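Novice: Dropping a structure here in structure tokens format, bear with me for questions.
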Amino acid sequence: MRVTEAQFEPTLATNGRGVVVSRSWQKHLLTFLMVFGPGLIVMEADNDAGAVSTYMQAGGQYGLHLLWLLVLLLPICYFVQEMVARLGIATGKGHAAMIYERFGKWWGHFSLIDLLAVNFLTLITEFAAISLALSALGVSPYISVPVSAIGLTLMVVTGSYLRWERIVIALCLMDVVWFVLAYIVHPNWATVAHNSIVPTMPSGGITSSLVFLVIAIVGTTIAPWQLFFQQSCVAEKRLRFADLKWARLDTLIGAIFTVCVAGAMMLVGNYGYEHHIAFQDPAQLAVALAPIAGKFMRNGVLLLMVNAAVLGTTAISLASAWAYGEVKGWEHSLHKKVSEAPGFYATYVLCVGAAAAIVLLPHVPLQLVIISVQVFAGLILPSAIIFLQLLLNDRELLGDRWVNRPWNNYINWTIIAVLFALSLLLAAQVILPNIFPN
């Protein structure tokens with residue numbers, strides 16, 4: 001498929017109804033609002049339950065020393081997801097479909113199985129967080145988990161992409177409360193600014209737990225499902241190249257907002273570090289902070305954990321359903337009713353229901369699962385980005401105008417090399433556990 005100039009024509013028409021505007025700025029604003037959504041959602045949904053746990057544990061164990069890592073990851077998040085948006089606009093297809101089409105069934109099955117495996121494990125962590133957070137508020141997991149699963153199903157099976165998108169954007173914007181919580185704990189803002197710009201090491205130096213946590217942060221900040229999710233979202237919205245600059249702005253806003261929220265989570269974790277509070281999960285920290293910072297802090301952290309899990313669950317389940325539907329050749333759109341796309345919706349419901357059921361099993365080590373999944377995601381991320389990089393250099397697919405530029409390739413191959421290095425580092429740590437001090 002080669003992109004044609006006809007695809008560059010802008011439009012403000014949606015659902016057969018035109019929007020007439022008289023001023024240039026109004027046209028730009030309306031166009032942006034029509035395009036806005038996938039970039040913010042894919043970024044902020046990645047601040048899911050695993051992210052809350054990982055970022056707060058980073059603050060709880062190492063204070064503010066890892067803030068610089070979040071700043072370093074911001075441009076990486078943007079560059080990766082900008083390529084996804086560009087590819088989705090150029091092809092009008094999801095990521096799984098493009099891998100099958102351009103690389104064949106073997107590599108297509110390889111990428112799909114990897115995606116479905118890590119997505120399902122991640123879904124378990126989302127429901128684990130719901131269970132932990134609402135248990136701390138006195139709600140039994142046997143109530144909170146099934147009710148959440150039913151709510152997540154109802155949110156999707158409406159046959160309207162736009163309705164789902166509006167709900168999820170509202171949930172994303174609720175994460176502004178993290179900034180309120182970060183302000184309440186009154187961190188040393190000069191230290192925050194310094195550690196955000198200047199890389200610093202904790203006093204214990206490089207240890208096995210530090211390496212593990214760094215890889216977990218990378219794995220939760222840039223996750224494989226994001227590539228599949230945003231490209232399918234762009235295809236669902238039927239965006240065209242006239243919309244690309246606004247899709248890029250949407251993605252940039254999402255990246256900045258997400259990293260700032262992640263930093264706020266780390267500041268709240270740092271409050272526990274400053275008060276020498278040992279905790280295994282954010283719910284424990286929230287309960288421990290109540291006598292010091294008040295009930296608003298406790299309830300805020302717990303409810304934001306639930307919000308993060310809901311965001312993560314709906315986005316990750318849809319990424320799996322879209323990818324599987326593309327490969328199977330099913331109807332796979334939120335514009336379709338359940339009767340029109342039964343396989344697509346059944347995949348979504350199965351992912352949600354099975355993950356919820358596993359969390360209700362007794363004696364599941366929830367916090368260990370949450371952190372380990374982030375590391376697993378970090379391990380398979382390099383291969384996912386390599387597929388993306390190769391697709392973005394396919395001139396037959398994108399044409400000369402929209403393929404990656406040399407500077408873009410230099411940045412992307414650098415990102416891939418760093419991710420592979422982290423993967424090898426983790427493998428070495430597993431094989432030789434004494435390579436780093438404990």
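All residue names refer to the structure tokens as shown: chains lettered A, B, ... in order, residues numbered from 1 in each chain, ligands numbered from 1 in order.
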Show which residues sit within 9 Å of Lys295 in chain A, as a VMD selection string. Count only C-alpha atoms, and ignore same-chain residues fewer than 6 positions away.
Specialist: chain A and resid 286 to 287 289
Novice: Write the residues of the selection above to a file with C-alpha atoms, as a compact mmCIF listing (two decimals), in the first residue's frame.
Specialist:
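Saved file again_0.txt follows:
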```txt
# COMPACT_ATOMS: atom_id res chain seq x y z
CA ALA A 286 -1.52 4.82 51.91
CA VAL A 287 -2.79 3.31 55.16
CA LEU A 289 0.41 7.71 55.75
```
Novice: Name the residues of range 23-250 of chain A that fall into helix (DSSP H, G or I) according to DSSP on the backbone, using the chain letters and numbers of this document, as a PyMOL selection string.
Specialist: chain A and resi 24-35+38-44+49-62+67-91+95-103+105-136+141-156+161-184+189-197+208-221+224-237+241-250
Novice: Compare A:Gly151, A:Arg86, A:Glu340, A:Ile386 by their minimum atom-to-atom distance to Arg401 in chain A, counting only C-alpha atoms, and give me the closest one.
Specialist: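 Closest to Arg401 in chain A, using only C-alpha atoms: A:Arg86.
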Novice: Take CA of Trp413 in chain A and CA of Gln389 in chain A and report the distance between them in Å, one decimal.
Specialist: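 Separation of CA of Trp413 in chain A and CA of Gln389 in chain A: 8.2 Å.
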Novice: So how many Å separate CA of Leu40 in chain A and CA of Lys336 in chain A, to one decimal?
Specialist: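 Distance reported for this atom pair: 23.3 Å.
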Novice: So what do you get for CA of Leu252 in chain A versus CA of Ile222 in chain A, distance-wise?
Specialist: 14.1 Å
Novice: Considering only C-alpha atoms, state which residue in the set A:Ala264, A:Ala136, A:Ile217, A:Met83 is at the smallest distance from Trp189 in chain A.
Specialist: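 Comparing A:Ala264, A:Ala136, A:Ile217, A:Met83 against Trp189 in chain A, the winner is A:Ala264.
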Novice: Using only C-alpha atoms, what table do you get, as a Markdown table, when you list each residue of range 86-171 of chain A with an atom no more than 7 Å from range 233-242 of chain A, its nearest pair of atoms, and their distance in Å rounded to one decimal, rows by chain then rising number?
Specialist:
```
| residue | atom | partner | partner_atom | distance |
| --- | --- | --- | --- | --- |
| A:Gly88 | CA | A:Val234 | CA | 5.7 |
| A:Ile89 | CA | A:Arg240 | CA | 5.4 |
| A:Gly92 | CA | A:Ala235 | CA | 4.8 |
| A:Lys93 | CA | A:Ala235 | CA | 5.6 |
| A:Gly94 | CA | A:Ala235 | CA | 6.6 |
```
Novice: Let me see the file: selected residues, all heavy atoms, as an mmCIF file, in the first residue's frame.
Specialist:
```cif
data_model
loop_
_atom_site.group_PDB
_atom_site.id
_atom_site.type_symbol
_atom_site.label_atom_id
_atom_site.label_comp_id
_atom_site.auth_asym_id
_atom_site.auth_seq_id
_atom_site.Cartn_x
_atom_site.Cartn_y
_atom_site.Cartn_z
ATOM 1 N N GLY A 88 -0.147 4.273 11.789
ATOM 2 C CA GLY A 88 -1.585 4.036 11.798
ATOM 3 C C GLY A 88 -2.321 4.905 10.792
ATOM 4 O O GLY A 88 -3.251 4.450 10.114
ATOM 5 N N ILE A 89 -1.906 6.172 10.683
ATOM 6 C CA ILE A 89 -2.528 7.074 9.711
ATOM 7 C C ILE A 89 -2.220 6.620 8.284
ATOM 8 O O ILE A 89 -3.089 6.627 7.412
ATOM 9 C CB ILE A 89 -2.043 8.516 9.946
ATOM 10 C CG1 ILE A 89 -2.648 9.068 11.242
ATOM 11 C CG2 ILE A 89 -2.417 9.414 8.766
ATOM 12 C CD1 ILE A 89 -2.121 10.426 11.649
ATOM 13 N N GLY A 92 -4.024 2.836 7.955
ATOM 14 C CA GLY A 92 -5.411 2.627 8.347
ATOM 15 C C GLY A 92 -5.643 1.270 8.981
ATOM 16 O O GLY A 92 -6.782 0.803 9.089
ATOM 17 N N LYS A 93 -4.557 0.620 9.402
ATOM 18 C CA LYS A 93 -4.639 -0.720 9.990
ATOM 19 C C LYS A 93 -3.916 -0.755 11.324
ATOM 20 O O LYS A 93 -3.080 0.100 11.624
ATOM 21 C CB LYS A 93 -4.016 -1.755 9.059
ATOM 22 C CG LYS A 93 -4.693 -1.892 7.705
ATOM 23 C CD LYS A 93 -3.990 -2.924 6.848
ATOM 24 C CE LYS A 93 -4.648 -3.069 5.485
ATOM 25 N NZ LYS A 93 -3.938 -4.075 4.647
ATOM 26 N N GLY A 94 -4.213 -1.776 12.114
ATOM 27 C CA GLY A 94 -3.556 -1.953 13.395
ATOM 28 C C GLY A 94 -2.160 -2.531 13.254
ATOM 29 O O GLY A 94 -1.759 -3.004 12.183
#
```
Novice: If we count only C-alpha atoms and set the cut-off at 6 Å, which residues sit around range 126-131 of chain A, ignoring sequence neighbours fewer than 5 positions away in its own chain? Please answer as a list in words.
Specialist: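 Contacts, in chain order: Ala49, Pro141, Val306, Ala309, Ala356, Val359 and Leu366 of chain A.
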Novice: Using only C-alpha atoms for the distances, tell me which of A:Tyr78, A:Trp68, A:Phe279, A:Tyr183 is nearest to Val198 in chain A.
Specialist: A:Trp68
Novice: Can you pull out the residues contacting Trp107 in chain A? Cut-off 12 Å, using only C-alpha atoms, and skip same-chain residues under 2 positions away; I want them as a VMD selection string.
Specialist: chain A and resid 96 to 105 109 to 114 383 to 384 386 to 387
Novice: Using only C-alpha atoms, which protein or nucleic acid residues come within 10 Å of Val352 in chain A? Drop anything in the same chain fewer than 3 positions from it, and give the result as a list in words.
Specialist: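 Non-adjacent residues within range: Phe120, Leu123, Ile124, Glu126, Phe127, Pro146, Ser148, Ala149, Ile150, Leu152, Thr153, Thr313, Thr314, Ile316, Ser317, Leu318, Ala346, Thr347, Tyr348, Val349, Ala355, Ala356 and Ala357 of chain A.
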